[in-house]
Every structure is written in C-alpha cells, then in structure tokens.
file coords-v5.cif (mmCIF, N, CA and C atoms)
data_target
#
loop_
_atom_site.label_atom_id
_atom_site.label_comp_id
_atom_site.auth_asym_id
_atom_site.auth_seq_id
_atom_site.Cartn_x
_atom_site.Cartn_y
_atom_site.Cartn_z
N MET A 1 111.85 108.68 117.49
CA MET A 1 112.34 108.99 116.17
C MET A 1 111.70 108.04 115.17
N TYR A 2 111.44 108.51 114.00
CA TYR A 2 110.73 107.72 113.00
C TYR A 2 111.60 106.66 112.33
N LEU A 3 112.92 106.81 112.41
CA LEU A 3 113.82 105.88 111.74
C LEU A 3 114.91 105.44 112.70
N ALA A 4 114.84 104.19 113.13
CA ALA A 4 115.85 103.65 114.05
C ALA A 4 117.15 103.40 113.29
N PRO A 5 118.26 103.44 113.98
CA PRO A 5 119.55 103.18 113.31
C PRO A 5 119.61 101.81 112.65
N GLU A 6 118.94 100.83 113.22
CA GLU A 6 118.92 99.50 112.63
C GLU A 6 118.19 99.50 111.29
N GLU A 7 117.09 100.25 111.23
CA GLU A 7 116.32 100.35 109.99
C GLU A 7 117.13 101.07 108.91
N LYS A 8 117.84 102.10 109.32
CA LYS A 8 118.68 102.85 108.38
C LYS A 8 119.80 101.95 107.85
N ALA A 9 120.39 101.15 108.74
CA ALA A 9 121.44 100.22 108.32
C ALA A 9 120.90 99.19 107.33
N LYS A 10 119.65 98.75 107.54
CA LYS A 10 119.03 97.80 106.60
C LYS A 10 118.84 98.42 105.22
N ILE A 11 118.42 99.69 105.20
CA ILE A 11 118.23 100.38 103.93
C ILE A 11 119.55 100.48 103.18
N PHE A 12 120.61 100.87 103.89
CA PHE A 12 121.91 100.99 103.24
C PHE A 12 122.48 99.64 102.85
N ALA A 13 122.21 98.61 103.64
CA ALA A 13 122.70 97.27 103.29
C ALA A 13 122.01 96.75 102.04
N LYS A 14 120.73 97.06 101.91
CA LYS A 14 119.97 96.56 100.76
C LYS A 14 120.31 97.32 99.48
N HIS A 15 120.46 98.63 99.57
CA HIS A 15 120.62 99.44 98.37
C HIS A 15 122.05 99.94 98.16
N GLY A 16 122.87 99.92 99.19
CA GLY A 16 124.25 100.36 99.06
C GLY A 16 125.18 99.16 98.98
N LYS A 17 126.43 99.40 99.31
CA LYS A 17 127.42 98.32 99.28
C LYS A 17 127.48 97.59 100.61
N GLY A 18 126.97 98.18 101.67
CA GLY A 18 126.99 97.56 102.99
C GLY A 18 126.22 98.42 103.98
N PRO A 19 126.04 97.94 105.21
CA PRO A 19 125.25 98.70 106.18
C PRO A 19 125.90 100.01 106.62
N ASN A 20 127.23 100.11 106.49
CA ASN A 20 127.92 101.33 106.89
C ASN A 20 128.29 102.22 105.72
N ASP A 21 127.90 101.83 104.52
CA ASP A 21 128.23 102.60 103.32
C ASP A 21 127.11 103.60 103.04
N THR A 22 127.24 104.77 103.63
CA THR A 22 126.19 105.78 103.50
C THR A 22 126.45 106.76 102.37
N GLY A 23 127.54 106.60 101.64
CA GLY A 23 127.92 107.58 100.64
C GLY A 23 127.47 107.29 99.24
N THR A 24 127.05 106.06 98.95
CA THR A 24 126.67 105.76 97.57
C THR A 24 125.38 106.47 97.21
N ALA A 25 125.26 106.81 95.96
CA ALA A 25 124.07 107.51 95.49
C ALA A 25 122.82 106.64 95.67
N GLU A 26 122.96 105.34 95.43
CA GLU A 26 121.81 104.44 95.56
C GLU A 26 121.30 104.40 97.00
N GLY A 27 122.21 104.33 97.95
CA GLY A 27 121.82 104.32 99.36
C GLY A 27 121.14 105.61 99.77
N GLN A 28 121.68 106.73 99.33
CA GLN A 28 121.08 108.01 99.67
C GLN A 28 119.71 108.17 99.03
N ILE A 29 119.57 107.73 97.80
CA ILE A 29 118.29 107.82 97.11
C ILE A 29 117.25 106.95 97.83
N ALA A 30 117.66 105.77 98.26
CA ALA A 30 116.74 104.88 98.98
C ALA A 30 116.32 105.50 100.31
N LEU A 31 117.27 106.11 101.02
CA LEU A 31 116.95 106.76 102.29
C LEU A 31 116.01 107.94 102.07
N PHE A 32 116.29 108.76 101.05
CA PHE A 32 115.41 109.88 100.73
C PHE A 32 114.01 109.40 100.38
N THR A 33 113.92 108.30 99.65
CA THR A 33 112.62 107.76 99.27
C THR A 33 111.84 107.33 100.51
N TYR A 34 112.52 106.69 101.45
CA TYR A 34 111.87 106.28 102.69
C TYR A 34 111.36 107.51 103.46
N ARG A 35 112.19 108.55 103.54
CA ARG A 35 111.80 109.76 104.25
C ARG A 35 110.65 110.47 103.54
N ILE A 36 110.67 110.48 102.21
CA ILE A 36 109.60 111.11 101.44
C ILE A 36 108.28 110.40 101.69
N GLU A 37 108.30 109.08 101.70
CA GLU A 37 107.07 108.32 101.98
C GLU A 37 106.56 108.62 103.38
N HIS A 38 107.46 108.72 104.35
CA HIS A 38 107.07 109.02 105.72
C HIS A 38 106.44 110.41 105.82
N LEU A 39 107.06 111.41 105.20
CA LEU A 39 106.53 112.76 105.25
C LEU A 39 105.21 112.89 104.50
N THR A 40 105.05 112.13 103.43
CA THR A 40 103.81 112.16 102.67
C THR A 40 102.65 111.64 103.52
N LYS A 41 102.90 110.56 104.25
CA LYS A 41 101.87 110.03 105.15
C LYS A 41 101.52 111.06 106.22
N HIS A 42 102.53 111.73 106.75
CA HIS A 42 102.29 112.74 107.78
C HIS A 42 101.46 113.89 107.22
N LEU A 43 101.75 114.31 106.00
CA LEU A 43 101.03 115.44 105.43
C LEU A 43 99.59 115.09 105.06
N LYS A 44 99.32 113.82 104.80
CA LYS A 44 97.93 113.44 104.52
C LYS A 44 97.06 113.64 105.76
N ALA A 45 97.66 113.41 106.93
CA ALA A 45 96.91 113.59 108.17
C ALA A 45 96.95 115.03 108.66
N ASN A 46 98.02 115.76 108.36
CA ASN A 46 98.22 117.12 108.84
C ASN A 46 98.47 118.05 107.66
N HIS A 47 97.42 118.37 106.94
CA HIS A 47 97.58 119.10 105.69
C HIS A 47 97.99 120.56 105.87
N LYS A 48 97.92 121.10 107.08
CA LYS A 48 98.32 122.49 107.29
C LYS A 48 99.73 122.63 107.85
N ASP A 49 100.47 121.56 107.88
CA ASP A 49 101.84 121.58 108.38
C ASP A 49 102.76 122.05 107.25
N TYR A 50 102.93 123.35 107.13
CA TYR A 50 103.65 123.92 106.00
C TYR A 50 105.15 123.73 106.10
N ASN A 51 105.67 123.64 107.32
CA ASN A 51 107.11 123.40 107.48
C ASN A 51 107.47 122.01 106.95
N THR A 52 106.65 121.04 107.24
CA THR A 52 106.90 119.70 106.73
C THR A 52 106.73 119.67 105.23
N GLU A 53 105.77 120.41 104.72
CA GLU A 53 105.58 120.47 103.27
C GLU A 53 106.81 121.04 102.58
N ARG A 54 107.39 122.08 103.15
CA ARG A 54 108.60 122.67 102.60
C ARG A 54 109.76 121.68 102.66
N SER A 55 109.89 120.97 103.76
CA SER A 55 110.94 119.96 103.89
C SER A 55 110.77 118.86 102.87
N LEU A 56 109.54 118.48 102.62
CA LEU A 56 109.26 117.44 101.64
C LEU A 56 109.67 117.88 100.25
N VAL A 57 109.36 119.11 99.90
CA VAL A 57 109.72 119.64 98.58
C VAL A 57 111.24 119.69 98.41
N LYS A 58 111.95 120.12 99.46
CA LYS A 58 113.41 120.16 99.40
C LYS A 58 113.99 118.75 99.27
N LEU A 59 113.41 117.81 99.97
CA LEU A 59 113.89 116.42 99.92
C LEU A 59 113.68 115.80 98.55
N VAL A 60 112.55 116.09 97.94
CA VAL A 60 112.28 115.60 96.59
C VAL A 60 113.28 116.20 95.61
N GLY A 61 113.63 117.47 95.79
CA GLY A 61 114.62 118.11 94.93
C GLY A 61 116.00 117.49 95.09
N LYS A 62 116.38 117.16 96.32
CA LYS A 62 117.66 116.50 96.56
C LYS A 62 117.71 115.13 95.89
N ARG A 63 116.60 114.38 96.03
CA ARG A 63 116.55 113.06 95.40
C ARG A 63 116.63 113.18 93.88
N ARG A 64 115.93 114.18 93.34
CA ARG A 64 115.95 114.38 91.89
C ARG A 64 117.36 114.71 91.40
N SER A 65 118.07 115.56 92.15
CA SER A 65 119.42 115.91 91.72
C SER A 65 120.36 114.71 91.81
N LEU A 66 120.19 113.87 92.81
CA LEU A 66 120.99 112.65 92.89
C LEU A 66 120.67 111.70 91.75
N LEU A 67 119.41 111.59 91.41
CA LEU A 67 119.02 110.75 90.28
C LEU A 67 119.58 111.29 88.97
N ASP A 68 119.57 112.61 88.80
CA ASP A 68 120.15 113.21 87.60
C ASP A 68 121.66 112.94 87.52
N TYR A 69 122.34 113.06 88.66
CA TYR A 69 123.77 112.78 88.71
C TYR A 69 124.03 111.33 88.32
N LEU A 70 123.25 110.42 88.88
CA LEU A 70 123.45 109.00 88.60
C LEU A 70 123.15 108.69 87.14
N MET A 71 122.18 109.37 86.55
CA MET A 71 121.84 109.15 85.15
C MET A 71 123.00 109.60 84.25
N LYS A 72 123.65 110.71 84.61
CA LYS A 72 124.78 111.19 83.81
C LYS A 72 125.99 110.28 83.95
N LYS A 73 126.24 109.78 85.17
CA LYS A 73 127.44 109.00 85.43
C LYS A 73 127.33 107.55 84.96
N ASP A 74 126.21 106.90 85.31
CA ASP A 74 126.08 105.47 85.00
C ASP A 74 124.60 105.15 84.80
N ILE A 75 124.19 105.06 83.56
CA ILE A 75 122.77 104.86 83.24
C ILE A 75 122.24 103.52 83.73
N MET A 76 123.11 102.51 83.79
CA MET A 76 122.67 101.20 84.25
C MET A 76 122.33 101.22 85.74
N ARG A 77 123.16 101.89 86.54
CA ARG A 77 122.87 102.02 87.97
C ARG A 77 121.60 102.83 88.18
N TYR A 78 121.40 103.86 87.37
CA TYR A 78 120.19 104.68 87.45
C TYR A 78 118.95 103.83 87.17
N ARG A 79 119.00 103.08 86.10
CA ARG A 79 117.84 102.23 85.75
C ARG A 79 117.57 101.19 86.82
N ALA A 80 118.63 100.64 87.40
CA ALA A 80 118.46 99.62 88.44
C ALA A 80 117.78 100.21 89.68
N ILE A 81 118.22 101.39 90.12
CA ILE A 81 117.64 101.97 91.34
C ILE A 81 116.21 102.45 91.09
N VAL A 82 115.93 102.97 89.90
CA VAL A 82 114.57 103.41 89.59
C VAL A 82 113.62 102.21 89.56
N LYS A 83 114.09 101.11 89.00
CA LYS A 83 113.25 99.91 88.95
C LYS A 83 113.06 99.31 90.33
N GLU A 84 114.13 99.30 91.12
CA GLU A 84 114.08 98.70 92.45
C GLU A 84 113.17 99.47 93.41
N LEU A 85 113.18 100.79 93.31
CA LEU A 85 112.38 101.62 94.21
C LEU A 85 111.04 102.03 93.61
N ASN A 86 110.76 101.57 92.42
CA ASN A 86 109.50 101.90 91.71
C ASN A 86 109.32 103.40 91.55
N LEU A 87 110.40 104.07 91.14
CA LEU A 87 110.34 105.51 90.86
C LEU A 87 110.10 105.69 89.37
N ARG A 88 109.55 106.79 89.03
CA ARG A 88 109.39 107.10 87.61
C ARG A 88 109.62 108.58 87.43
N LYS A 89 110.04 108.92 86.24
CA LYS A 89 110.33 110.32 85.97
C LYS A 89 109.11 111.03 85.47
#

call {"tool": "encode", "arguments": {"input": "coords-v5.cif", "output": "structure tokens"}}
result
Amino acid sequence: MYLAPEEKAKIFAKHGKGPNDTGTAEGQIALFTYRIEHLTKHLKANHKDYNTERSLVKLVGKRRSLLDYLMKKDIMRYRAIVKELNLRK
C-alpha cells in the first residue's frame, strides 16, 4: 500500500488536532493533497492509465469543495492551510 497507517497518522497529527482526528477539514485536505501528489507521479510514468486519471480528477474536486467550505466557514483556517500546503487557487 502506498500509505502506511503511521504515515497517515503523521499527516493528521501535523495538520489536524491529533493523530486520530480524521474529521477536520484541514486533515482531510492534507490527506487529499498527499494522495493527489502520489497519483500525479504515477500518471507521469503511466500516461494511459485512465482509471487513475479519473480518480485524480475526482479527488481534486473533493479537495476543492473542502477548501470552498473552509473558505466560507473560517477564512483564517483556509488561509493557514493553503499557505502550509503551498496550494493556490
């Protein structure tokens, strides 16, 4: 598997409230970003893998909707996560 449970716990500990807090928007956005980077690397090597390409597009849409939600709810948290993960709109 590409993501060990320990690595996932580290992502949530760094960006969420704790290693077991998987529900915060920041933690989910960080996890989606990690998965997007992983799938992007895979697609660079396997450009005809259309199922992965579709999954990547869906994942980017999920991350975008979470970012939009966070922007509506709390602009400071949105700015912090965008700066921390080096995302841009």

call {"tool": "atom_distance", "arguments": {"input": "coords-v5.cif", "atom1": "atom N of Thr40 of chain A", "atom2": "atom CA of Leu56 of chain A"}}
result
7.0 Å

call {"tool": "atom_distance", "arguments": {"input": "coords-v5.cif", "atom1": "atom CA of Ala25 of chain A", "atom2": "atom N of Leu67 of chain A"}}
result
7.4 Å

call {"tool": "resolve_selection", "arguments": {"input": "coords-v5.cif", "expression": "the PyMOL selection byres (((chain A and resi 78 and name CA) around 12) and name CA)", "output": "list in words"}}
result
Ala25, Glu26, Ile29, Arg64, Leu66, Leu67, Asp68, Tyr69, Leu70, Met71, Lys72, Lys73, Asp74, Ile75, Met76, Arg77, Arg79, Ala80, Ile81, Val82, Lys83, Glu84, Leu85, Asn86, Leu87, Arg88 and Lys89 of chain A

call {"tool": "resolve_selection", "arguments": {"input": "coords-v5.cif", "expression": "the PyMOL selection byres (((chain A and resi 55 and name CA) around 12) and name CA)", "output": "count of residues only"}}
result
21

call {"tool": "atom_distance", "arguments": {"input": "coords-v5.cif", "atom1": "atom C of Glu7 of chain A", "atom2": "atom C of Thr22 of chain A"}}
result
12.7 Å

call {"tool": "axis_aligned_box", "arguments": {"input": "coords-v5.cif", "around": "segment 28-33 of chain A", "padding_each_side": "8 Å", "output": "JSON"}}
result
{"center_x": 116.8, "center_y": 107.4, "center_z": 99.7, "size_x": 25.8, "size_y": 21.0, "size_z": 21.2}

call {"tool": "build_atoms", "arguments": {"input": "coords-v5.cif", "residues": "segment 1-12 of chain A", "atoms": "all heavy atoms", "output": "mmCIF file, in the coordinates of the input"}}
result
data_model
loop_
_atom_site.group_PDB
_atom_site.id
_atom_site.type_symbol
_atom_site.label_atom_id
_atom_site.label_comp_id
_atom_site.auth_asym_id
_atom_site.auth_seq_id
_atom_site.Cartn_x
_atom_site.Cartn_y
_atom_site.Cartn_z
ATOM 1 N N MET A 1 111.850 108.680 117.490
ATOM 2 C CA MET A 1 112.340 108.990 116.170
ATOM 3 C C MET A 1 111.700 108.040 115.170
ATOM 4 O O MET A 1 111.444 106.871 115.463
ATOM 5 C CB MET A 1 113.858 108.872 116.156
ATOM 6 C CG MET A 1 114.468 109.178 114.836
ATOM 7 S SD MET A 1 116.158 109.664 115.053
ATOM 8 C CE MET A 1 116.461 110.257 113.436
ATOM 9 N N TYR A 2 111.440 108.510 114.000
ATOM 10 C CA TYR A 2 110.730 107.720 113.000
ATOM 11 C C TYR A 2 111.600 106.660 112.330
ATOM 12 O O TYR A 2 111.087 105.717 111.759
ATOM 13 C CB TYR A 2 110.114 108.637 111.924
ATOM 14 C CG TYR A 2 111.098 109.120 110.888
ATOM 15 C CD1 TYR A 2 111.212 108.451 109.681
ATOM 16 C CD2 TYR A 2 111.911 110.200 111.110
ATOM 17 C CE1 TYR A 2 112.110 108.865 108.728
ATOM 18 C CE2 TYR A 2 112.803 110.617 110.162
ATOM 19 C CZ TYR A 2 112.902 109.955 108.975
ATOM 20 O OH TYR A 2 113.780 110.362 108.027
ATOM 21 N N LEU A 3 112.920 106.810 112.410
ATOM 22 C CA LEU A 3 113.820 105.880 111.740
ATOM 23 C C LEU A 3 114.910 105.440 112.700
ATOM 24 O O LEU A 3 115.795 106.222 113.048
ATOM 25 C CB LEU A 3 114.430 106.535 110.495
ATOM 26 C CG LEU A 3 115.310 105.669 109.625
ATOM 27 C CD1 LEU A 3 114.522 104.483 109.083
ATOM 28 C CD2 LEU A 3 115.870 106.463 108.478
ATOM 29 N N ALA A 4 114.840 104.190 113.130
ATOM 30 C CA ALA A 4 115.850 103.650 114.050
ATOM 31 C C ALA A 4 117.150 103.400 113.290
ATOM 32 O O ALA A 4 117.133 103.172 112.075
ATOM 33 C CB ALA A 4 115.333 102.347 114.657
ATOM 34 N N PRO A 5 118.260 103.440 113.980
ATOM 35 C CA PRO A 5 119.550 103.180 113.310
ATOM 36 C C PRO A 5 119.610 101.810 112.650
ATOM 37 O O PRO A 5 120.257 101.645 111.604
ATOM 38 C CB PRO A 5 120.566 103.293 114.444
ATOM 39 C CG PRO A 5 119.913 104.144 115.469
ATOM 40 C CD PRO A 5 118.453 103.870 115.363
ATOM 41 N N GLU A 6 118.940 100.830 113.220
ATOM 42 C CA GLU A 6 118.920 99.500 112.630
ATOM 43 C C GLU A 6 118.190 99.500 111.290
ATOM 44 O O GLU A 6 118.609 98.846 110.338
ATOM 45 C CB GLU A 6 118.263 98.477 113.574
ATOM 46 C CG GLU A 6 118.966 98.299 114.893
ATOM 47 C CD GLU A 6 118.595 99.352 115.928
ATOM 48 O OE1 GLU A 6 117.511 99.963 115.816
ATOM 49 O OE2 GLU A 6 119.412 99.580 116.834
ATOM 50 N N GLU A 7 117.090 100.250 111.230
ATOM 51 C CA GLU A 7 116.320 100.350 109.990
ATOM 52 C C GLU A 7 117.130 101.070 108.910
ATOM 53 O O GLU A 7 117.131 100.670 107.745
ATOM 54 C CB GLU A 7 115.008 101.095 110.240
ATOM 55 C CG GLU A 7 114.094 101.154 109.059
ATOM 56 C CD GLU A 7 113.488 99.812 108.697
ATOM 57 O OE1 GLU A 7 113.357 98.962 109.576
ATOM 58 O OE2 GLU A 7 113.151 99.623 107.509
ATOM 59 N N LYS A 8 117.840 102.100 109.320
ATOM 60 C CA LYS A 8 118.680 102.850 108.380
ATOM 61 C C LYS A 8 119.800 101.950 107.850
ATOM 62 O O LYS A 8 120.105 101.959 106.654
ATOM 63 C CB LYS A 8 119.272 104.070 109.071
ATOM 64 C CG LYS A 8 119.981 105.015 108.133
ATOM 65 C CD LYS A 8 120.617 106.168 108.884
ATOM 66 C CE LYS A 8 119.660 107.308 108.991
ATOM 67 N NZ LYS A 8 120.315 108.539 109.486
ATOM 68 N N ALA A 9 120.390 101.150 108.740
ATOM 69 C CA ALA A 9 121.440 100.220 108.320
ATOM 70 C C ALA A 9 120.900 99.190 107.330
ATOM 71 O O ALA A 9 121.588 98.805 106.378
ATOM 72 C CB ALA A 9 122.056 99.531 109.533
ATOM 73 N N LYS A 10 119.650 98.750 107.540
ATOM 74 C CA LYS A 10 119.030 97.800 106.600
ATOM 75 C C LYS A 10 118.840 98.420 105.220
ATOM 76 O O LYS A 10 119.051 97.777 104.207
ATOM 77 C CB LYS A 10 117.687 97.304 107.142
ATOM 78 C CG LYS A 10 117.797 96.179 108.133
ATOM 79 C CD LYS A 10 116.500 95.430 108.266
ATOM 80 C CE LYS A 10 115.615 96.083 109.281
ATOM 81 N NZ LYS A 10 114.387 95.327 109.562
ATOM 82 N N ILE A 11 118.420 99.690 105.200
ATOM 83 C CA ILE A 11 118.230 100.380 103.930
ATOM 84 C C ILE A 11 119.550 100.480 103.180
ATOM 85 O O ILE A 11 119.611 100.185 101.977
ATOM 86 C CB ILE A 11 117.616 101.784 104.160
ATOM 87 C CG1 ILE A 11 116.172 101.663 104.621
ATOM 88 C CG2 ILE A 11 117.682 102.621 102.890
ATOM 89 C CD1 ILE A 11 115.553 102.969 105.056
ATOM 90 N N PHE A 12 120.610 100.870 103.890
ATOM 91 C CA PHE A 12 121.910 100.990 103.240
ATOM 92 C C PHE A 12 122.480 99.640 102.850
ATOM 93 O O PHE A 12 123.169 99.519 101.830
ATOM 94 C CB PHE A 12 122.893 101.759 104.117
ATOM 95 C CG PHE A 12 122.635 103.235 104.139
ATOM 96 C CD1 PHE A 12 122.391 103.893 105.324
ATOM 97 C CD2 PHE A 12 122.632 103.968 102.972
ATOM 98 C CE1 PHE A 12 122.154 105.261 105.346
ATOM 99 C CE2 PHE A 12 122.394 105.338 102.979
ATOM 100 C CZ PHE A 12 122.154 105.981 104.173
#
